[in-house]
Amino acid sequence: MAGEGGAVPNGGELHVNGIEAETGRPLPLPGDDAGSRIAAVAAGSHAKTEAEKLSLRNPGPGAGLESFGVDSSVDNPEELDQAGWGILFPADFEAGPIKEALAPLLERRKQEAGALFHVFEGTQGVQRGESATDWLARQGEGPGLAAVDPTRGVPFYIMIVAPPDAIPMSFQYLLDIFWAVGRLHFENLDDYSRYAAAIVEYETTEVLPQTSKRAALFATEHPGDGATSMFTRDVAAPFLDTTGAARPLGRKQGFSVAPVMGANATKAGLLGAMRGDGAGAPALLFSGTHGMSFRKGNPRQAACQGALVCQDWEGFGAIKEDDWFSASDVPADLRLNGMVHFLFACYGGGWESFDTFRDGPDGTAQQIADRPGMSQLPQAILSRGAMCVVAHVDRAWSYSFRTPNGKPQSAPIRDVLTRIMQGSRVGNALDQFNAQWAALSVPIADKLRDFQTQSATGKELAHLWIARDDVRNYTVLGDPAARVRVDRMTSGI
């Protein structure tokens, strides 16, 4: 049955929003021994990295959310002449052709950021195997992982231009603790040119593609499937509820939200949501589905991993290509200018080479791909004019909207979506996830200590680790300084 899940140590239920292409079954949950492996990693060769994460994400008593992001020298992080903007390449890339393709966007950001505009390439780029902390130490005055002073050499908004095998996702995760980081990568230069042209046109035009504030909410719910049922119950339905304590999503900001849910959440329904049912792309599309997973060696992995499982699938057993929405389903003539897509699904943004929570035959982490990769669907969406895609790298868990003890908690996702609808730059809007990761790091440190004295179980440690890194793995694809021009739109209500 598609709805397989598992219990969490302190009560409640855990699900993963991904389906194996080969079996039509949900991706497996972590084994009970995963906590032992986590503890070994934390105490072993990666202790420095993990210790940095734990300490930096736990700033101590009395520290507020202002600890993450810019420091007090910046009055308004939304203004690029105060916060700055930079583009970051691998040191061994020939950046010239991509810079030429992105020239209109780079020129606009240079005009906006002034002296705080930077291009990091060549010796200033990221060297192979270099960590975020080491790269920062080589820039300007050598800023560290702390609240950002853009005058010290590294501006607040950073757009990485590289595939994840050139600049790893781990680099982006760590830098994004304090910086607002996005990533852009296409297979051909024409897509870079189209993306840059679409962003500049949207930001400078007098007539926007969206004249009113419109959003769409796309959510599948397969029969007997615990993961999609839980998402609908805990996230999608409350976002539309007019009777609960919380306002409907976007109501205060003047946004109408068009639901495409359950039986209507088909492939055709998703494409219709992107087209705004003839009115043009909405300013914000939020989708919650399963993501497709393919085993290492499957020839479809690169093209279809992270594709969105739609309601066309019956939810039991075999799954076929007609059931999921992939990059090949995005029409060449689709225009998504001015849209931000928040995409909740396993592998929706990409994947690493190794799975942290599944063992190989020798007891080490299982290799799931020949190399890390980016999902092709967000790249197709961005190449059609969308400003940003917020998506999940690796498996997406129900911890994104549930507490570690199994209680519903959709507030962090709601906060990010609300900030986007308020007109915040997308990279800055995701700061709520940083705060949540900080809070979850504290009990992990406690459990690691207790695990050594055998007063905590490996299962407890593993699930806390999942809950924290589930938040960490949300990634901005595109320019993190992009934002919806809500000041030029009329109310959609």
# chains A, B, ... in the order shown; residues from 1 in each chain; ligands from 1

$ residues_around --residues "segment 475-488 of chain A" --least-positions-apart "3" --cutoff "9 Å" --atoms "only C-alpha atoms" --output "ChimeraX atom specification"
/A:78,80,85,157-160,169,172-173,180-185,195,199,202-203,206-208,211-213,253,283-284,338-340,349,378-379,382,386-393,420-428,430,472

$ select_by_dssp --residues "segment 58-272 of chain A" --states "strand (DSSP E or B)" --output "PDB file with N, CA, C and O atoms, in the first residue's frame"
ATOM      1  N   VAL A  70      21.590  39.562   7.988  1.00  0.00           N
ATOM      2  CA  VAL A  70      22.499  40.698   8.041  1.00  0.00           C
ATOM      3  C   VAL A  70      22.655  41.208   9.463  1.00  0.00           C
ATOM      4  O   VAL A  70      21.808  40.987  10.331  1.00  0.00           O
ATOM      5  N   TRP A  85      24.729  42.082  -3.605  1.00  0.00           N
ATOM      6  CA  TRP A  85      24.367  40.927  -4.443  1.00  0.00           C
ATOM      7  C   TRP A  85      25.628  40.423  -5.120  1.00  0.00           C
ATOM      8  O   TRP A  85      26.453  41.215  -5.592  1.00  0.00           O
ATOM      9  N   GLY A  86      25.775  39.090  -5.186  1.00  0.00           N
ATOM     10  CA  GLY A  86      26.944  38.520  -5.839  1.00  0.00           C
ATOM     11  C   GLY A  86      26.609  37.246  -6.579  1.00  0.00           C
ATOM     12  O   GLY A  86      25.614  36.569  -6.285  1.00  0.00           O
ATOM     13  N   ILE A  87      27.432  36.901  -7.538  1.00  0.00           N
ATOM     14  CA  ILE A  87      27.307  35.663  -8.289  1.00  0.00           C
ATOM     15  C   ILE A  87      28.581  34.853  -8.067  1.00  0.00           C
ATOM     16  O   ILE A  87      29.692  35.402  -8.068  1.00  0.00           O
ATOM     17  N   LEU A  88      28.425  33.550  -7.839  1.00  0.00           N
ATOM     18  CA  LEU A  88      29.539  32.703  -7.407  1.00  0.00           C
ATOM     19  C   LEU A  88      29.712  31.519  -8.344  1.00  0.00           C
ATOM     20  O   LEU A  88      28.763  30.743  -8.560  1.00  0.00           O
ATOM     21  N   PRO A  90      32.410  28.136  -9.650  1.00  0.00           N
ATOM     22  CA  PRO A  90      33.556  27.304  -9.268  1.00  0.00           C
ATOM     23  C   PRO A  90      34.841  27.918  -9.807  1.00  0.00           C
ATOM     24  O   PRO A  90      34.850  28.554 -10.874  1.00  0.00           O
ATOM     25  N   PHE A 117      28.164  44.967  -5.299  1.00  0.00           N
ATOM     26  CA  PHE A 117      28.000  43.947  -6.340  1.00  0.00           C
ATOM     27  C   PHE A 117      29.333  43.238  -6.543  1.00  0.00           C
ATOM     28  O   PHE A 117      30.378  43.884  -6.660  1.00  0.00           O
ATOM     29  N   HIS A 118      29.307  41.890  -6.560  1.00  0.00           N
ATOM     30  CA  HIS A 118      30.558  41.131  -6.707  1.00  0.00           C
ATOM     31  C   HIS A 118      30.365  39.955  -7.654  1.00  0.00           C
ATOM     32  O   HIS A 118      29.306  39.317  -7.661  1.00  0.00           O
ATOM     33  N   VAL A 119      31.385  39.685  -8.422  1.00  0.00           N
ATOM     34  CA  VAL A 119      31.465  38.464  -9.226  1.00  0.00           C
ATOM     35  C   VAL A 119      32.616  37.642  -8.676  1.00  0.00           C
ATOM     36  O   VAL A 119      33.773  38.087  -8.694  1.00  0.00           O
ATOM     37  N   PHE A 120      32.316  36.463  -8.170  1.00  0.00           N
ATOM     38  CA  PHE A 120      33.337  35.576  -7.614  1.00  0.00           C
ATOM     39  C   PHE A 120      33.650  34.497  -8.647  1.00  0.00           C
ATOM     40  O   PHE A 120      32.862  33.568  -8.852  1.00  0.00           O
ATOM     41  N   VAL A 126      34.914  29.073  -5.931  1.00  0.00           N
ATOM     42  CA  VAL A 126      34.989  27.948  -4.993  1.00  0.00           C
ATOM     43  C   VAL A 126      35.903  26.877  -5.557  1.00  0.00           C
ATOM     44  O   VAL A 126      35.689  26.373  -6.668  1.00  0.00           O
ATOM     45  N   VAL A 148      25.740  38.823   8.705  1.00  0.00           N
ATOM     46  CA  VAL A 148      26.457  39.290   7.518  1.00  0.00           C
ATOM     47  C   VAL A 148      26.642  40.800   7.514  1.00  0.00           C
ATOM     48  O   VAL A 148      25.676  41.567   7.611  1.00  0.00           O
ATOM     49  N   TYR A 157      23.099  38.573  -0.636  1.00  0.00           N
ATOM     50  CA  TYR A 157      22.457  37.721  -1.649  1.00  0.00           C
ATOM     51  C   TYR A 157      23.529  37.123  -2.550  1.00  0.00           C
ATOM     52  O   TYR A 157      24.311  37.854  -3.169  1.00  0.00           O
ATOM     53  N   ILE A 158      23.566  35.802  -2.600  1.00  0.00           N
ATOM     54  CA  ILE A 158      24.563  35.087  -3.400  1.00  0.00           C
ATOM     55  C   ILE A 158      23.848  34.103  -4.323  1.00  0.00           C
ATOM     56  O   ILE A 158      23.067  33.251  -3.862  1.00  0.00           O
ATOM     57  N   MET A 159      24.118  34.206  -5.613  1.00  0.00           N
ATOM     58  CA  MET A 159      23.580  33.238  -6.569  1.00  0.00           C
ATOM     59  C   MET A 159      24.716  32.337  -7.052  1.00  0.00           C
ATOM     60  O   MET A 159      25.626  32.790  -7.743  1.00  0.00           O
ATOM     61  N   ILE A 160      24.681  31.071  -6.633  1.00  0.00           N
ATOM     62  CA  ILE A 160      25.652  30.081  -7.083  1.00  0.00           C
ATOM     63  C   ILE A 160      25.275  29.646  -8.496  1.00  0.00           C
ATOM     64  O   ILE A 160      24.116  29.321  -8.768  1.00  0.00           O
ATOM     65  N   VAL A 161      26.233  29.642  -9.394  1.00  0.00           N
ATOM     66  CA  VAL A 161      26.000  29.152 -10.751  1.00  0.00           C
ATOM     67  C   VAL A 161      26.904  27.950 -10.968  1.00  0.00           C
ATOM     68  O   VAL A 161      28.091  28.077 -11.287  1.00  0.00           O
ATOM     69  N   ALA A 180      21.637  34.775   2.106  1.00  0.00           N
ATOM     70  CA  ALA A 180      20.480  34.389   1.291  1.00  0.00           C
ATOM     71  C   ALA A 180      21.032  33.833  -0.017  1.00  0.00           C
ATOM     72  O   ALA A 180      21.533  34.586  -0.860  1.00  0.00           O
ATOM     73  N   VAL A 181      20.951  32.514  -0.176  1.00  0.00           N
ATOM     74  CA  VAL A 181      21.661  31.830  -1.255  1.00  0.00           C
ATOM     75  C   VAL A 181      20.679  31.162  -2.215  1.00  0.00           C
ATOM     76  O   VAL A 181      19.702  30.541  -1.783  1.00  0.00           O
ATOM     77  N   GLY A 182      20.935  31.300  -3.493  1.00  0.00           N
ATOM     78  CA  GLY A 182      20.189  30.581  -4.523  1.00  0.00           C
ATOM     79  C   GLY A 182      21.165  29.872  -5.440  1.00  0.00           C
ATOM     80  O   GLY A 182      22.378  30.096  -5.369  1.00  0.00           O
ATOM     81  N   ARG A 183      20.641  29.021  -6.290  1.00  0.00           N
ATOM     82  CA  ARG A 183      21.485  28.281  -7.225  1.00  0.00           C
ATOM     83  C   ARG A 183      20.809  28.265  -8.587  1.00  0.00           C
ATOM     84  O   ARG A 183      19.604  28.026  -8.701  1.00  0.00           O
ATOM     85  N   LEU A 184      21.615  28.492  -9.615  1.00  0.00           N
ATOM     86  CA  LEU A 184      21.122  28.460 -10.988  1.00  0.00           C
ATOM     87  C   LEU A 184      22.022  27.559 -11.813  1.00  0.00           C
ATOM     88  O   LEU A 184      23.246  27.705 -11.784  1.00  0.00           O
ATOM     89  N   SER A 212      -3.384  41.110 -10.769  1.00  0.00           N
ATOM     90  CA  SER A 212      -3.965  40.959  -9.440  1.00  0.00           C
ATOM     91  C   SER A 212      -3.211  39.878  -8.681  1.00  0.00           C
ATOM     92  O   SER A 212      -2.489  39.058  -9.271  1.00  0.00           O
ATOM     93  N   ARG A 214      -2.724  36.655  -7.234  1.00  0.00           N
ATOM     94  CA  ARG A 214      -3.284  35.309  -7.381  1.00  0.00           C
ATOM     95  C   ARG A 214      -2.265  34.261  -6.983  1.00  0.00           C
ATOM     96  O   ARG A 214      -1.075  34.386  -7.307  1.00  0.00           O
ATOM     97  N   ALA A 215      -2.713  33.239  -6.277  1.00  0.00           N
ATOM     98  CA  ALA A 215      -1.884  32.086  -5.932  1.00  0.00           C
ATOM     99  C   ALA A 215      -2.673  30.825  -6.244  1.00  0.00           C
ATOM    100  O   ALA A 215      -3.902  30.859  -6.385  1.00  0.00           O
ATOM    101  N   ALA A 216      -1.976  29.703  -6.333  1.00  0.00           N
ATOM    102  CA  ALA A 216      -2.627  28.415  -6.553  1.00  0.00           C
ATOM    103  C   ALA A 216      -2.042  27.399  -5.591  1.00  0.00           C
ATOM    104  O   ALA A 216      -0.845  27.436  -5.271  1.00  0.00           O
ATOM    105  N   LEU A 217      -2.881  26.508  -5.101  1.00  0.00           N
ATOM    106  CA  LEU A 217      -2.475  25.456  -4.173  1.00  0.00           C
ATOM    107  C   LEU A 217      -2.813  24.108  -4.793  1.00  0.00           C
ATOM    108  O   LEU A 217      -3.985  23.799  -5.028  1.00  0.00           O
ATOM    109  N   PHE A 218      -1.788  23.316  -5.082  1.00  0.00           N
ATOM    110  CA  PHE A 218      -1.944  22.021  -5.748  1.00  0.00           C
ATOM    111  C   PHE A 218      -1.555  20.922  -4.762  1.00  0.00           C
ATOM    112  O   PHE A 218      -0.436  20.925  -4.238  1.00  0.00           O
ATOM    113  N   ALA A 219      -2.485  20.006  -4.472  1.00  0.00           N
ATOM    114  CA  ALA A 219      -2.195  18.943  -3.502  1.00  0.00           C
ATOM    115  C   ALA A 219      -2.908  17.667  -3.897  1.00  0.00           C
ATOM    116  O   ALA A 219      -4.128  17.657  -4.089  1.00  0.00           O
ATOM    117  N   SER A 256      -5.904  35.885  -3.587  1.00  0.00           N
ATOM    118  CA  SER A 256      -6.831  34.778  -3.762  1.00  0.00           C
ATOM    119  C   SER A 256      -6.011  33.513  -3.957  1.00  0.00           C
ATOM    120  O   SER A 256      -4.920  33.553  -4.538  1.00  0.00           O
ATOM    121  N   VAL A 257      -6.502  32.396  -3.448  1.00  0.00           N
ATOM    122  CA  VAL A 257      -5.793  31.122  -3.572  1.00  0.00           C
ATOM    123  C   VAL A 257      -6.731  30.125  -4.248  1.00  0.00           C
ATOM    124  O   VAL A 257      -7.770  29.754  -3.688  1.00  0.00           O
ATOM    125  N   ALA A 258      -6.369  29.703  -5.448  1.00  0.00           N
ATOM    126  CA  ALA A 258      -7.183  28.748  -6.211  1.00  0.00           C
ATOM    127  C   ALA A 258      -6.761  27.333  -5.845  1.00  0.00           C
ATOM    128  O   ALA A 258      -5.622  26.949  -6.107  1.00  0.00           O
ATOM    129  N   PRO A 259      -7.643  26.528  -5.242  1.00  0.00           N
ATOM    130  CA  PRO A 259      -7.274  25.151  -4.874  1.00  0.00           C
ATOM    131  C   PRO A 259      -7.395  24.199  -6.057  1.00  0.00           C
ATOM    132  O   PRO A 259      -8.386  24.223  -6.793  1.00  0.00           O
ATOM    133  N   VAL A 260      -6.385  23.378  -6.238  1.00  0.00           N
ATOM    134  CA  VAL A 260      -6.419  22.283  -7.214  1.00  0.00           C
ATOM    135  C   VAL A 260      -6.018  21.046  -6.426  1.00  0.00           C
ATOM    136  O   VAL A 260      -4.832  20.729  -6.297  1.00  0.00           O
ATOM    137  N   MET A 261      -7.001  20.342  -5.881  1.00  0.00           N
ATOM    138  CA  MET A 261      -6.721  19.318  -4.885  1.00  0.00           C
ATOM    139  C   MET A 261      -7.474  18.024  -5.173  1.00  0.00           C
ATOM    140  O   MET A 261      -8.467  18.004  -5.903  1.00  0.00           O
TER     141      MET A 261
END

$ residues_around --residues "Gly24 of chain A" --least-positions-apart "6" --cutoff "6 Å" --atoms "only C-alpha atoms" --output "PyMOL selection string"
chain A and resi 317-319

$ select_by_dssp --residues "segment 299-486 of chain A" --states "helix (DSSP H, G or I)" --output "VMD selection string"
chain A and resid 301 to 304 321 to 323 327 to 329 376 to 383 398 to 400 411 to 422 426 to 429 431 to 452 458 to 472 486

$ closest_atom_pairs --of "segment 212-313 of chain A" --to "segment 324-337 of chain A" --cutoff "8 Å" --atoms "only C-alpha atoms" --output "JSON lines"
{"residue": "A:Lys267", "atom": "CA", "partner": "A:Phe325", "partner_atom": "CA", "distance": 6.0}
{"residue": "A:Leu271", "atom": "CA", "partner": "A:Val330", "partner_atom": "CA", "distance": 7.8}
{"residue": "A:Met274", "atom": "CA", "partner": "A:Leu336", "partner_atom": "CA", "distance": 7.2}
{"residue": "A:Arg275", "atom": "CA", "partner": "A:Leu334", "partner_atom": "CA", "distance": 7.6}
{"residue": "A:Gly280", "atom": "CA", "partner": "A:Leu336", "partner_atom": "CA", "distance": 7.6}
{"residue": "A:Ala281", "atom": "CA", "partner": "A:Leu336", "partner_atom": "CA", "distance": 5.4}
{"residue": "A:Met292", "atom": "CA", "partner": "A:Trp324", "partner_atom": "CA", "distance": 7.7}
{"residue": "A:Ala303", "atom": "CA", "partner": "A:Ala327", "partner_atom": "CA", "distance": 7.4}
{"residue": "A:Cys304", "atom": "CA", "partner": "A:Ser326", "partner_atom": "CA", "distance": 5.9}
{"residue": "A:Gly306", "atom": "CA", "partner": "A:Ser326", "partner_atom": "CA", "distance": 7.8}
{"residue": "A:Ala307", "atom": "CA", "partner": "A:Ser326", "partner_atom": "CA", "distance": 4.6}
{"residue": "A:Leu308", "atom": "CA", "partner": "A:Phe325", "partner_atom": "CA", "distance": 5.0}
{"residue": "A:Val309", "atom": "CA", "partner": "A:Trp324", "partner_atom": "CA", "distance": 4.2}
{"residue": "A:Cys310", "atom": "CA", "partner": "A:Trp324", "partner_atom": "CA", "distance": 5.5}
{"residue": "A:Asp312", "atom": "CA", "partner": "A:Trp324", "partner_atom": "CA", "distance": 7.7}
{"residue": "A:Trp313", "atom": "CA", "partner": "A:Trp324", "partner_atom": "CA", "distance": 7.8}

$ closest_residue --among "A:Glu130, A:Glu13, A:Glu79, A:Glu121" --to "Asp92 of chain A" --atoms "only C-alpha atoms"
A:Glu121

$ residues_around --residues "Gly373 of chain A" --least-positions-apart "5" --cutoff "10 Å" --atoms "only C-alpha atoms" --output "ChimeraX atom specification"
/A:163-165,168-169,301-303,305,347,349-353,393

$ residues_around --residues "Leu145 of chain A" --least-positions-apart "5" --cutoff "9 Å" --atoms "only C-alpha atoms" --output "list in words"
Leu56, Ala132, Thr133, Leu136, Leu174, Leu175, Ile177, Phe178 and Trp179 of chain A

$ residues_around --residues "Gly254 of chain A" --least-positions-apart "2" --cutoff "7 Å" --atoms "only C-alpha atoms" --output "list in words"
Lys213, Gly250, Arg251, Lys252, Ser256, Ser491, Gly492 and Ile493 of chain A

$ closest_residue --among "A:Leu440, A:Arg414, A:Leu29, A:Gly18" --to "Arg247 of chain A" --atoms "only C-alpha atoms"
A:Arg414
